[in-house]
file structure-v2.cif (mmCIF, C-alpha atoms)
data_entry
#
loop_
_atom_site.label_atom_id
_atom_site.label_comp_id
_atom_site.auth_asym_id
_atom_site.auth_seq_id
_atom_site.Cartn_x
_atom_site.Cartn_y
_atom_site.Cartn_z
CA MET A 1 -11.29 4.61 -74.52
CA SER A 2 -13.70 1.91 -75.67
CA GLY A 3 -14.96 0.46 -78.94
CA SER A 4 -13.21 -0.41 -82.19
CA ASP A 5 -11.20 1.82 -84.55
CA ASN A 6 -14.20 2.04 -86.89
CA SER A 7 -16.70 2.94 -84.19
CA LYS A 8 -18.35 6.30 -83.86
CA GLN A 9 -16.53 8.91 -81.80
CA ILE A 10 -17.69 10.59 -78.59
CA TRP A 11 -15.44 13.47 -77.61
CA ILE A 12 -15.54 14.62 -73.99
CA VAL A 13 -14.31 18.15 -73.40
CA SER A 14 -13.06 18.16 -69.81
CA ASP A 15 -12.01 21.09 -67.63
CA GLY A 16 -10.24 18.63 -65.33
CA LYS A 17 -12.66 19.00 -62.44
CA PRO A 18 -13.55 15.52 -61.14
CA GLY A 19 -17.23 16.34 -60.60
CA HIS A 20 -17.68 17.62 -64.15
CA LEU A 21 -15.73 14.76 -65.71
CA ASN A 22 -17.76 12.26 -63.68
CA GLN A 23 -20.94 13.58 -65.28
CA SER A 24 -19.58 13.49 -68.83
CA ARG A 25 -18.15 10.01 -68.42
CA GLY A 26 -21.42 8.82 -66.92
CA LEU A 27 -23.32 9.89 -70.03
CA ALA A 28 -20.69 8.63 -72.49
CA GLU A 29 -20.42 5.25 -70.79
CA ALA A 30 -24.20 4.87 -70.72
CA ILE A 31 -24.25 5.46 -74.50
CA ALA A 32 -21.38 2.98 -74.92
CA ARG A 33 -23.44 0.29 -73.19
CA ARG A 34 -25.99 0.64 -75.99
CA CYS A 35 -23.91 1.05 -79.13
CA ASP A 36 -20.36 0.75 -80.43
CA VAL A 37 -18.59 4.03 -79.70
CA CYS A 38 -15.05 5.18 -79.01
CA ILE A 39 -14.73 7.64 -76.10
CA SER A 40 -11.88 10.14 -75.86
CA GLU A 41 -11.19 13.15 -73.66
CA GLN A 42 -9.52 16.47 -74.35
CA PRO A 43 -9.04 19.77 -72.50
CA PRO A 44 -10.84 22.92 -73.59
CA MET A 45 -9.18 25.22 -76.10
CA GLY A 46 -7.98 28.65 -75.17
CA LYS A 47 -10.66 31.31 -75.52
CA LEU A 48 -9.02 32.97 -78.54
CA GLN A 49 -8.52 29.66 -80.35
CA ALA A 50 -12.12 28.62 -79.72
CA LEU A 51 -13.45 31.95 -81.00
CA ARG A 52 -11.25 31.75 -84.09
CA LEU A 53 -12.57 28.26 -84.81
CA CYS A 54 -16.15 29.45 -84.30
CA PHE A 55 -15.88 32.28 -86.80
CA SER A 56 -13.33 31.09 -89.36
CA ALA A 57 -11.87 27.98 -90.92
CA GLY A 58 -9.32 28.10 -88.10
CA LEU A 59 -7.73 24.66 -88.33
CA PRO A 60 -7.54 21.91 -90.95
CA ARG A 61 -10.05 19.10 -90.52
CA MET A 62 -8.63 15.98 -88.92
CA ASP A 63 -8.97 12.44 -90.22
CA GLU A 64 -10.93 11.53 -87.11
CA LYS A 65 -14.02 13.55 -86.36
CA PRO A 66 -16.52 13.39 -83.51
CA THR A 67 -19.98 11.97 -83.91
CA LEU A 68 -21.04 13.58 -80.62
CA ILE A 69 -19.37 16.17 -78.37
CA ILE A 70 -20.20 16.48 -74.67
CA GLY A 71 -18.92 18.52 -71.77
CA ALA A 72 -19.69 19.92 -68.33
CA GLY A 73 -18.42 23.12 -66.71
CA HIS A 74 -18.39 26.72 -67.93
CA ALA A 75 -14.80 26.47 -69.19
CA THR A 76 -15.89 23.89 -71.78
CA HIS A 77 -18.71 25.85 -73.39
CA LEU A 78 -16.81 27.81 -76.05
CA THR A 79 -14.87 24.70 -77.07
CA LEU A 80 -18.09 22.70 -77.38
CA LEU A 81 -19.53 25.34 -79.71
CA ALA A 82 -16.31 25.66 -81.73
CA LEU A 83 -16.09 21.90 -82.31
CA ARG A 84 -19.81 21.77 -83.05
CA ARG A 85 -19.47 24.35 -85.83
CA PHE A 86 -16.22 22.99 -87.24
CA TYR A 87 -17.25 19.32 -87.38
CA ARG A 88 -21.02 19.78 -87.78
CA ALA A 89 -21.49 17.39 -84.85
CA PRO A 90 -24.15 17.76 -82.15
CA ALA A 91 -22.97 19.26 -78.86
CA VAL A 92 -24.43 18.24 -75.50
CA VAL A 93 -23.80 20.38 -72.43
CA LEU A 94 -24.38 19.10 -68.91
CA MET A 95 -25.58 21.53 -66.23
CA GLN A 96 -26.97 25.03 -66.79
CA PRO A 97 -24.71 26.69 -69.40
CA SER A 98 -23.37 30.21 -68.99
CA LEU A 99 -24.25 30.86 -72.64
CA SER A 100 -27.71 30.66 -74.16
CA THR A 101 -29.14 27.14 -74.17
CA GLY A 102 -30.16 27.76 -77.79
CA PHE A 103 -26.51 27.48 -78.89
CA PHE A 104 -26.38 23.79 -77.94
CA ASP A 105 -28.12 20.81 -79.51
CA LEU A 106 -29.04 19.40 -76.11
CA CYS A 107 -28.78 20.67 -72.53
CA LEU A 108 -29.06 18.26 -69.59
CA ILE A 109 -29.94 20.49 -66.64
CA PRO A 110 -30.77 19.42 -63.05
CA GLU A 111 -34.28 20.26 -61.95
CA HIS A 112 -32.98 22.28 -59.00
CA ASP A 113 -31.69 24.85 -61.54
CA GLN A 114 -35.30 25.30 -62.71
CA PRO A 115 -34.61 25.18 -66.46
CA HIS A 116 -37.07 26.39 -69.09
CA LYS A 117 -39.13 23.87 -71.02
CA ARG A 118 -37.62 23.70 -74.49
CA PRO A 119 -37.16 20.93 -77.06
CA ASN A 120 -33.38 20.94 -76.57
CA ILE A 121 -33.53 20.76 -72.75
CA ILE A 122 -33.88 17.61 -70.67
CA THR A 123 -34.48 18.17 -66.97
CA THR A 124 -32.57 15.69 -64.82
CA ARG A 125 -32.90 14.64 -61.22
CA GLY A 126 -29.52 15.83 -60.01
CA ALA A 127 -26.23 15.60 -61.83
CA LEU A 128 -25.43 12.55 -63.95
CA ASN A 129 -22.87 10.07 -62.62
CA ARG A 130 -21.09 6.80 -63.44
CA MET A 131 -22.58 4.60 -60.73
CA GLN A 132 -24.01 1.19 -61.52
CA PRO A 133 -25.85 -1.21 -59.19
CA GLY A 134 -23.83 -4.19 -58.07
CA GLU A 135 -24.69 -7.40 -56.27
CA LYS A 136 -26.02 -6.23 -52.93
CA VAL A 137 -24.57 -7.82 -49.79
CA PRO A 138 -27.32 -8.59 -47.24
CA GLY A 139 -27.00 -6.45 -44.12
CA SER A 140 -24.49 -4.04 -45.68
CA GLY A 141 -24.52 -0.28 -45.31
CA VAL A 142 -22.30 2.72 -45.89
CA VAL A 143 -22.29 6.17 -44.27
CA LEU A 144 -20.78 9.06 -46.26
CA ILE A 145 -19.64 12.15 -44.37
CA GLY A 146 -19.10 15.48 -46.08
CA GLY A 147 -17.95 18.73 -44.54
CA PRO A 148 -18.31 22.50 -44.43
CA SER A 149 -19.97 24.09 -47.45
CA LYS A 150 -21.45 27.45 -48.40
CA HIS A 151 -24.97 26.02 -48.21
CA PHE A 152 -24.96 24.36 -44.77
CA ASP A 153 -23.61 25.01 -41.28
CA TRP A 154 -21.27 22.16 -40.36
CA ASP A 155 -22.27 21.01 -36.88
CA GLU A 156 -19.80 18.29 -35.93
CA THR A 157 -21.60 17.44 -32.71
CA ALA A 158 -24.93 16.99 -34.51
CA VAL A 159 -23.38 14.81 -37.22
CA LEU A 160 -21.62 12.56 -34.71
CA SER A 161 -24.78 12.27 -32.63
CA GLN A 162 -26.75 11.12 -35.67
CA VAL A 163 -24.09 8.61 -36.69
CA GLU A 164 -24.01 7.19 -33.18
CA ALA A 165 -27.82 6.91 -33.10
CA LEU A 166 -27.82 5.19 -36.51
CA LEU A 167 -25.23 2.60 -35.48
CA ALA A 168 -27.16 1.85 -32.30
CA ALA A 169 -30.60 1.66 -33.94
CA GLU A 170 -29.73 -0.24 -37.11
CA PRO A 171 -27.20 -3.05 -36.68
CA ARG A 172 -25.51 -3.63 -40.03
CA GLN A 173 -22.09 -4.25 -41.54
CA TRP A 174 -21.44 -0.51 -41.64
CA LEU A 175 -18.55 1.25 -43.33
CA ILE A 176 -18.15 4.98 -42.74
CA GLY A 177 -16.26 7.11 -45.24
CA SER A 178 -15.18 10.74 -45.10
CA SER A 179 -14.53 13.19 -47.93
CA ARG A 180 -11.87 15.75 -48.80
CA ARG A 181 -14.04 18.37 -47.08
CA THR A 182 -14.34 16.52 -43.78
CA PRO A 183 -12.52 18.37 -40.95
CA ALA A 184 -9.70 16.47 -39.25
CA SER A 185 -11.48 16.73 -35.90
CA THR A 186 -14.56 15.02 -37.37
CA GLU A 187 -12.41 12.23 -38.80
CA GLN A 188 -10.73 11.70 -35.45
CA ALA A 189 -14.09 11.52 -33.67
CA LEU A 190 -15.46 9.07 -36.25
CA ALA A 191 -12.41 6.85 -35.83
CA ALA A 192 -12.97 6.83 -32.07
CA LEU A 193 -16.67 6.11 -32.54
CA ALA A 194 -16.51 3.45 -35.25
CA GLY A 195 -13.00 2.02 -34.99
CA GLY A 196 -12.05 -0.10 -37.99
CA ARG A 197 -15.37 0.60 -39.64
CA PHE A 198 -14.20 4.15 -40.41
CA VAL A 199 -12.22 4.68 -43.63
CA PRO A 200 -10.77 8.21 -44.04
CA ALA A 201 -10.79 9.79 -47.48
CA ALA A 202 -6.99 9.75 -47.59
CA GLU A 203 -7.04 5.93 -47.56
CA THR A 204 -9.53 5.52 -50.42
CA GLY A 205 -8.90 5.45 -54.16
CA PRO A 206 -11.18 6.34 -57.07
CA ASP A 207 -12.78 2.88 -57.07
CA TRP A 208 -13.66 2.80 -53.36
CA LEU A 209 -16.96 4.68 -53.55
CA PRO A 210 -18.37 2.85 -56.62
CA GLN A 211 -17.47 -0.48 -55.02
CA GLN A 212 -19.07 0.35 -51.68
CA LEU A 213 -22.24 1.84 -53.16
CA GLY A 214 -22.56 -1.05 -55.59
CA ARG A 215 -22.57 -3.62 -52.77
CA ALA A 216 -24.40 -1.65 -50.05
CA GLU A 217 -28.10 -2.14 -49.42
CA VAL A 218 -28.38 1.12 -47.48
CA CYS A 219 -26.53 4.44 -47.64
CA TRP A 220 -26.71 7.44 -45.31
CA VAL A 221 -25.27 10.76 -46.55
CA THR A 222 -24.77 14.11 -44.82
CA GLN A 223 -27.08 16.74 -46.25
CA ASP A 224 -24.28 18.84 -47.75
CA SER A 225 -23.24 16.01 -50.11
CA ALA A 226 -26.08 16.12 -52.64
CA SER A 227 -24.03 14.51 -55.41
CA MET A 228 -23.50 11.44 -53.21
CA VAL A 229 -27.25 11.20 -52.62
CA TYR A 230 -27.80 10.87 -56.38
CA GLU A 231 -24.87 8.45 -56.73
CA ALA A 232 -26.25 6.23 -53.97
CA LEU A 233 -29.69 6.20 -55.61
CA THR A 234 -28.14 5.32 -58.97
CA ALA A 235 -26.23 2.47 -57.33
CA GLY A 236 -29.54 1.03 -56.14
CA CYS A 237 -29.18 1.84 -52.43
CA LYS A 238 -31.91 2.80 -50.02
CA VAL A 239 -30.88 6.32 -49.07
CA GLY A 240 -31.19 8.39 -45.89
CA VAL A 241 -29.95 11.92 -45.19
CA LEU A 242 -28.16 13.05 -42.03
CA THR A 243 -29.49 16.56 -41.45
CA LEU A 244 -27.66 19.87 -41.12
CA ASP A 245 -28.89 23.43 -40.64
CA GLU A 246 -29.24 25.30 -43.92
CA GLN A 247 -27.63 28.72 -44.17
CA ALA A 248 -30.43 29.80 -46.55
CA ASP A 249 -32.86 28.32 -49.03
CA ASN A 250 -30.67 26.90 -51.77
CA ARG A 251 -30.91 24.81 -54.91
CA ILE A 252 -28.99 21.91 -53.34
CA SER A 253 -31.57 21.43 -50.62
CA ARG A 254 -34.42 21.92 -53.08
CA GLY A 255 -33.25 18.94 -55.10
CA VAL A 256 -33.00 16.67 -52.06
CA ASP A 257 -36.35 17.95 -50.76
CA GLU A 258 -37.94 16.94 -54.07
CA LEU A 259 -36.49 13.44 -53.71
CA ARG A 260 -37.99 13.23 -50.24
CA ALA A 261 -41.37 14.37 -51.57
CA GLN A 262 -41.18 11.56 -54.14
CA GLY A 263 -40.41 9.02 -51.42
CA LEU A 264 -36.98 8.25 -52.89
CA VAL A 265 -34.97 9.30 -49.83
CA SER A 266 -35.73 9.68 -46.13
CA ARG A 267 -33.99 11.59 -43.36
CA ALA A 268 -32.83 11.20 -39.78
CA PRO A 269 -34.14 9.90 -37.43
CA ASP A 270 -36.00 7.46 -39.72
CA TRP A 271 -33.16 4.96 -39.16
CA THR A 272 -35.07 1.99 -40.64
CA LEU A 273 -36.05 4.06 -43.71
CA GLU A 274 -39.70 3.14 -43.31
CA CYS A 275 -40.75 6.31 -45.14
CA LEU A 276 -39.26 5.16 -48.43
CA SER A 277 -41.54 4.14 -51.26
CA MET A 278 -39.43 2.10 -53.66
CA PRO A 279 -39.52 3.53 -57.21
CA GLY A 280 -41.15 1.49 -59.95
CA MET A 281 -38.14 1.97 -62.25
CA PRO A 282 -34.41 2.08 -61.42
CA PHE A 283 -33.00 5.54 -60.71
CA ASN A 284 -30.39 6.14 -63.42
CA GLU A 285 -30.44 9.52 -65.12
CA ALA A 286 -27.38 8.82 -67.28
CA GLU A 287 -29.13 5.81 -68.81
CA ARG A 288 -32.31 7.83 -69.39
CA CYS A 289 -30.43 10.66 -71.10
CA ALA A 290 -28.39 8.22 -73.20
CA GLU A 291 -31.62 6.66 -74.44
CA ALA A 292 -32.97 10.12 -75.33
CA ILE A 293 -29.81 10.92 -77.31
CA LEU A 294 -29.99 7.66 -79.27
CA LYS A 295 -33.64 8.36 -80.11
CA ARG A 296 -32.47 11.59 -81.75
CA GLY A 297 -30.48 9.51 -84.24
CA TRP A 298 -27.14 11.17 -83.58
CA LEU A 299 -25.23 7.89 -83.17
#
call {"tool": "encode", "arguments": {"input": "structure-v2.cif", "output": "structure tokens"}}
result
Amino acid sequence: MSGSDNSKQIWIVSDGKPGHLNQSRGLAEAIARRCDVCISEQPPMGKLQALRLCFSAGLPRMDEKPTLIIGAGHATHLTLLALRRFYRAPAVVLMQPSLSTGFFDLCLIPEHDQPHKRPNIITTRGALNRMQPGEKVPGSGVVLIGGPSKHFDWDETAVLSQVEALLAAEPRQWLIGSSRRTPASTEQALAALAGGRFVPAAETGPDWLPQQLGRAEVCWVTQDSASMVYEALTAGCKVGVLTLDEQADNRISRGVDELRAQGLVSRAPDWTLECLSMPGMPFNEAERCAEAILKRGWL
């Protein structure tokens, strides 16, 4: 929670999934950097309770009321609409909603979902996140390893070969981190390859990734981990992608392909990232969306 007791209220409806909460917090914190707000989080209501609140008086009004309500994930949608009706406060949904976009005051939808052009829709480059650029350490770099997913074939040999080629071609103060999806065999091979430079996911806390991306000049990410690509860009890193074979054309790869077309990311084996054209403005979609919300006069 941030702000004073008299500040305006942002309510985050959270389904408890870290990826969804990361998006909502990213937006709320970007707004809080611009104006005095108090941020709180609550779980979604049960379906019956939310419907009752949507269509009847339902519950007595509380002393505290939200100025803005935001949420990500399908389980939050009915609660967003119930609170919107009950408190007459604007509701912002992140990601493509399962209900009609017309029910919400604002929808922040990644471009890979190909949203319609409507006044209440803002197309974003990837999902919003909480990353912020830090003071970059000269010669620093981080490599982020994902794992099997429904969109890509996980080829451990190919991933390790690319990591080995990167370390040989680009001498830096590298740190290599795994994720919860990384197979144990891949972690063991990375430990043998990189020694103390490898940090398994089990040994990292919630602050490890923001700290490393904030300080790193360069970040390489396996192609399955699209969210980390956007986080690394937001943290101000130069970003490269370690390639995997796609199982089929998918929206995840479309988003990263668009970043490559814009010159914002490169891919193996461009180890020196010569193909990058540095953007004229910082890459921070949460800040851009926060600015758009404030221009609407809701806070």
call {"tool": "residues_around", "arguments": {"input": "structure-v2.cif", "residues": "Gln223 (chain A)", "least_positions_apart": "6", "cutoff": "10 Å", "atoms": "only C-alpha atoms", "output": "PyMOL selection string"}}
result
chain A and resi 144-147+151-152+154+159+229+240-246+252-253+256+267
call {"tool": "atom_distance", "arguments": {"input": "structure-v2.cif", "atom1": "CA of Gln262 (chain A)", "atom2": "CA of Asn250 (chain A)"}}
result
18.7 Å
call {"tool": "atom_distance", "arguments": {"input": "structure-v2.cif", "atom1": "CA of Ala191 (chain A)", "atom2": "CA of Ile176 (chain A)"}}
result
9.2 Å
call {"tool": "closest_residue", "arguments": {"input": "structure-v2.cif", "among": "A:Gly141, A:Gly297, A:Pro44, A:Pro282", "to": "Leu80 (chain A)", "atoms": "all atoms listed in the file"}}
result
A:Pro44
call {"tool": "closest_residue", "arguments": {"input": "structure-v2.cif", "among": "A:Arg181, A:Lys150, A:Arg130, A:Lys65", "to": "Ile10 (chain A)", "atoms": "only C-alpha atoms"}}
result
A:Lys65
call {"tool": "residues_around", "arguments": {"input": "structure-v2.cif", "residues": "Arg296 (chain A)", "least_positions_apart": "2", "cutoff": "12 Å", "atoms": "all atoms listed in the file", "output": "number ranges by chain"}}
result
A: 68, 90, 105-106, 119-120, 289-294, 298-299
call {"tool": "resolve_selection", "arguments": {"input": "structure-v2.cif", "expression": "the PyMOL selection byres ((chain A and resi 171) around 12)", "output": "PDB file with C-alpha atoms, in the frame of the given file"}}
result
ATOM      1  CA  PRO A 138     -27.320  -8.590 -47.240  1.00  0.00           C
ATOM      2  CA  GLY A 139     -27.000  -6.450 -44.120  1.00  0.00           C
ATOM      3  CA  SER A 140     -24.490  -4.040 -45.680  1.00  0.00           C
ATOM      4  CA  GLY A 141     -24.520  -0.280 -45.310  1.00  0.00           C
ATOM      5  CA  VAL A 142     -22.300   2.720 -45.890  1.00  0.00           C
ATOM      6  CA  GLU A 164     -24.010   7.190 -33.180  1.00  0.00           C
ATOM      7  CA  ALA A 165     -27.820   6.910 -33.100  1.00  0.00           C
ATOM      8  CA  LEU A 166     -27.820   5.190 -36.510  1.00  0.00           C
ATOM      9  CA  LEU A 167     -25.230   2.600 -35.480  1.00  0.00           C
ATOM     10  CA  ALA A 168     -27.160   1.850 -32.300  1.00  0.00           C
ATOM     11  CA  ALA A 169     -30.600   1.660 -33.940  1.00  0.00           C
ATOM     12  CA  GLU A 170     -29.730  -0.240 -37.110  1.00  0.00           C
ATOM     13  CA  ARG A 172     -25.510  -3.630 -40.030  1.00  0.00           C
ATOM     14  CA  GLN A 173     -22.090  -4.250 -41.540  1.00  0.00           C
ATOM     15  CA  TRP A 174     -21.440  -0.510 -41.640  1.00  0.00           C
ATOM     16  CA  LEU A 175     -18.550   1.250 -43.330  1.00  0.00           C
ATOM     17  CA  VAL A 218     -28.380   1.120 -47.480  1.00  0.00           C
ATOM     18  CA  TRP A 271     -33.160   4.960 -39.160  1.00  0.00           C
ATOM     19  CA  THR A 272     -35.070   1.990 -40.640  1.00  0.00           C
TER      20      THR A 272
END
call {"tool": "resolve_selection", "arguments": {"input": "structure-v2.cif", "expression": "the PyMOL selection byres ((chain A and resi 284) around 9)", "output": "MDAnalysis selection string"}}
result
chainID A and resid 128:129 131:132 230:231 233:236 281:283 285:289
call {"tool": "write_last_selection", "arguments": {"input": "structure-v2.cif", "atoms": "C-alpha atoms", "output": "PDB file, keeping the file's coordinate frame"}}
result
ATOM      1  CA  LEU A 128     -25.430  12.550 -63.950  1.00  0.00           C
ATOM      2  CA  ASN A 129     -22.870  10.070 -62.620  1.00  0.00           C
ATOM      3  CA  MET A 131     -22.580   4.600 -60.730  1.00  0.00           C
ATOM      4  CA  GLN A 132     -24.010   1.190 -61.520  1.00  0.00           C
ATOM      5  CA  TYR A 230     -27.800  10.870 -56.380  1.00  0.00           C
ATOM      6  CA  GLU A 231     -24.870   8.450 -56.730  1.00  0.00           C
ATOM      7  CA  LEU A 233     -29.690   6.200 -55.610  1.00  0.00           C
ATOM      8  CA  THR A 234     -28.140   5.320 -58.970  1.00  0.00           C
ATOM      9  CA  ALA A 235     -26.230   2.470 -57.330  1.00  0.00           C
ATOM     10  CA  GLY A 236     -29.540   1.030 -56.140  1.00  0.00           C
ATOM     11  CA  MET A 281     -38.140   1.970 -62.250  1.00  0.00           C
ATOM     12  CA  PRO A 282     -34.410   2.080 -61.420  1.00  0.00           C
ATOM     13  CA  PHE A 283     -33.000   5.540 -60.710  1.00  0.00           C
ATOM     14  CA  GLU A 285     -30.440   9.520 -65.120  1.00  0.00           C
ATOM     15  CA  ALA A 286     -27.380   8.820 -67.280  1.00  0.00           C
ATOM     16  CA  GLU A 287     -29.130   5.810 -68.810  1.00  0.00           C
ATOM     17  CA  ARG A 288     -32.310   7.830 -69.390  1.00  0.00           C
ATOM     18  CA  CYS A 289     -30.430  10.660 -71.100  1.00  0.00           C
TER      19      CYS A 289
END
call {"tool": "closest_residue", "arguments": {"input": "structure-v2.cif", "among": "A:Ile69, A:Val239, A:Leu193, A:Ala75", "to": "Ala28 (chain A)", "atoms": "all atoms listed in the file"}}
result
A:Ile69
call {"tool": "resolve_selection", "arguments": {"input": "structure-v2.cif", "expression": "the PyMOL selection byres ((chain A and resi 47) around 12)", "output": "list in words"}}
result
Pro44, Met45, Gly46, Leu48, Gln49, Ala50, Leu51, Arg52, Leu53, Cys54, His74, Ala75, Thr76, His77, Leu78, Thr79, Leu80, Leu81 and Ala82 of chain A
call {"tool": "atom_distance", "arguments": {"input": "structure-v2.cif", "atom1": "CA of Val13 (chain A)", "atom2": "CA of Ser100 (chain A)"}}
result
18.3 Å
call {"tool": "closest_residue", "arguments": {"input": "structure-v2.cif", "among": "A:Gln114, A:Gln96, A:Thr222, A:Ser56", "to": "Gly177 (chain A)", "atoms": "all atoms listed in the file"}}
result
A:Thr222
call {"tool": "residues_around", "arguments": {"input": "structure-v2.cif", "residues": "Pro97 (chain A)", "least_positions_apart": "4", "cutoff": "9 Å", "atoms": "all atoms listed in the file", "output": "NGL selection string"}}
result
:A and (72-74 or 77 or 93 or 101 or 107 or 109)
call {"tool": "closest_residue", "arguments": {"input": "structure-v2.cif", "among": "A:Leu273, A:Val265, A:Cys38, A:Val163", "to": "Ala194 (chain A)", "atoms": "all atoms listed in the file"}}
result
A:Val163
call {"tool": "closest_residue", "arguments": {"input": "structure-v2.cif", "among": "A:Ile39, A:Leu21, A:Leu27, A:Leu94", "to": "Ser7 (chain A)", "atoms": "only C-alpha atoms"}}
result
A:Ile39
call {"tool": "build_atoms", "arguments": {"input": "structure-v2.cif", "residues": "region 130-151 of chain A", "atoms": "N, CA and C atoms", "output": "short mmCIF file (atom, residue, chain, number, x, y, z; two decimals), keeping the file's coordinate frame"}}
result
data_model
loop_
_atom_site.label_atom_id
_atom_site.label_comp_id
_atom_site.auth_asym_id
_atom_site.auth_seq_id
_atom_site.Cartn_x
_atom_site.Cartn_y
_atom_site.Cartn_z
N ARG A 130 -21.54 8.05 -62.83
CA ARG A 130 -21.09 6.80 -63.44
C ARG A 130 -21.52 5.56 -62.66
N MET A 131 -22.27 5.73 -61.59
CA MET A 131 -22.58 4.60 -60.73
C MET A 131 -23.44 3.55 -61.44
N GLN A 132 -23.22 2.30 -61.02
CA GLN A 132 -24.01 1.19 -61.52
C GLN A 132 -24.33 0.27 -60.33
N PRO A 133 -25.54 -0.27 -60.28
CA PRO A 133 -25.85 -1.21 -59.19
C PRO A 133 -24.97 -2.45 -59.27
N GLY A 134 -24.57 -2.94 -58.12
CA GLY A 134 -23.83 -4.19 -58.07
C GLY A 134 -24.66 -5.25 -57.37
N GLU A 135 -24.01 -6.35 -57.03
CA GLU A 135 -24.69 -7.40 -56.27
C GLU A 135 -24.70 -6.99 -54.81
N LYS A 136 -25.90 -6.75 -54.28
CA LYS A 136 -26.02 -6.23 -52.93
C LYS A 136 -25.69 -7.31 -51.89
N VAL A 137 -24.95 -6.92 -50.88
CA VAL A 137 -24.57 -7.82 -49.79
C VAL A 137 -25.59 -7.65 -48.66
N PRO A 138 -26.31 -8.71 -48.30
CA PRO A 138 -27.32 -8.59 -47.24
C PRO A 138 -26.73 -8.01 -45.95
N GLY A 139 -27.44 -7.05 -45.37
CA GLY A 139 -27.00 -6.45 -44.12
C GLY A 139 -25.92 -5.41 -44.24
N SER A 140 -25.58 -5.00 -45.49
CA SER A 140 -24.49 -4.04 -45.68
C SER A 140 -25.01 -2.61 -45.69
N GLY A 141 -24.15 -1.69 -45.30
CA GLY A 141 -24.52 -0.28 -45.31
C GLY A 141 -23.28 0.59 -45.30
N VAL A 142 -23.41 1.79 -45.85
CA VAL A 142 -22.30 2.72 -45.89
C VAL A 142 -22.81 4.09 -45.46
N VAL A 143 -21.98 4.81 -44.72
CA VAL A 143 -22.29 6.17 -44.27
C VAL A 143 -21.24 7.10 -44.88
N LEU A 144 -21.69 8.14 -45.58
CA LEU A 144 -20.78 9.06 -46.26
C LEU A 144 -20.86 10.44 -45.62
N ILE A 145 -19.72 10.90 -45.13
CA ILE A 145 -19.64 12.15 -44.37
C ILE A 145 -18.98 13.22 -45.22
N GLY A 146 -19.64 14.36 -45.33
CA GLY A 146 -19.10 15.48 -46.08
C GLY A 146 -18.34 16.43 -45.19
N GLY A 147 -18.65 17.73 -45.33
CA GLY A 147 -17.95 18.73 -44.54
C GLY A 147 -18.51 20.11 -44.77
N PRO A 148 -17.83 21.13 -44.29
CA PRO A 148 -18.31 22.50 -44.43
C PRO A 148 -18.57 22.87 -45.89
N SER A 149 -19.64 23.60 -46.11
CA SER A 149 -19.97 24.09 -47.45
C SER A 149 -20.67 25.43 -47.31
N LYS A 150 -20.82 26.12 -48.44
CA LYS A 150 -21.45 27.45 -48.40
C LYS A 150 -22.95 27.36 -48.18
N HIS A 151 -23.52 26.16 -48.32
CA HIS A 151 -24.97 26.02 -48.21
C HIS A 151 -25.44 25.57 -46.83
#
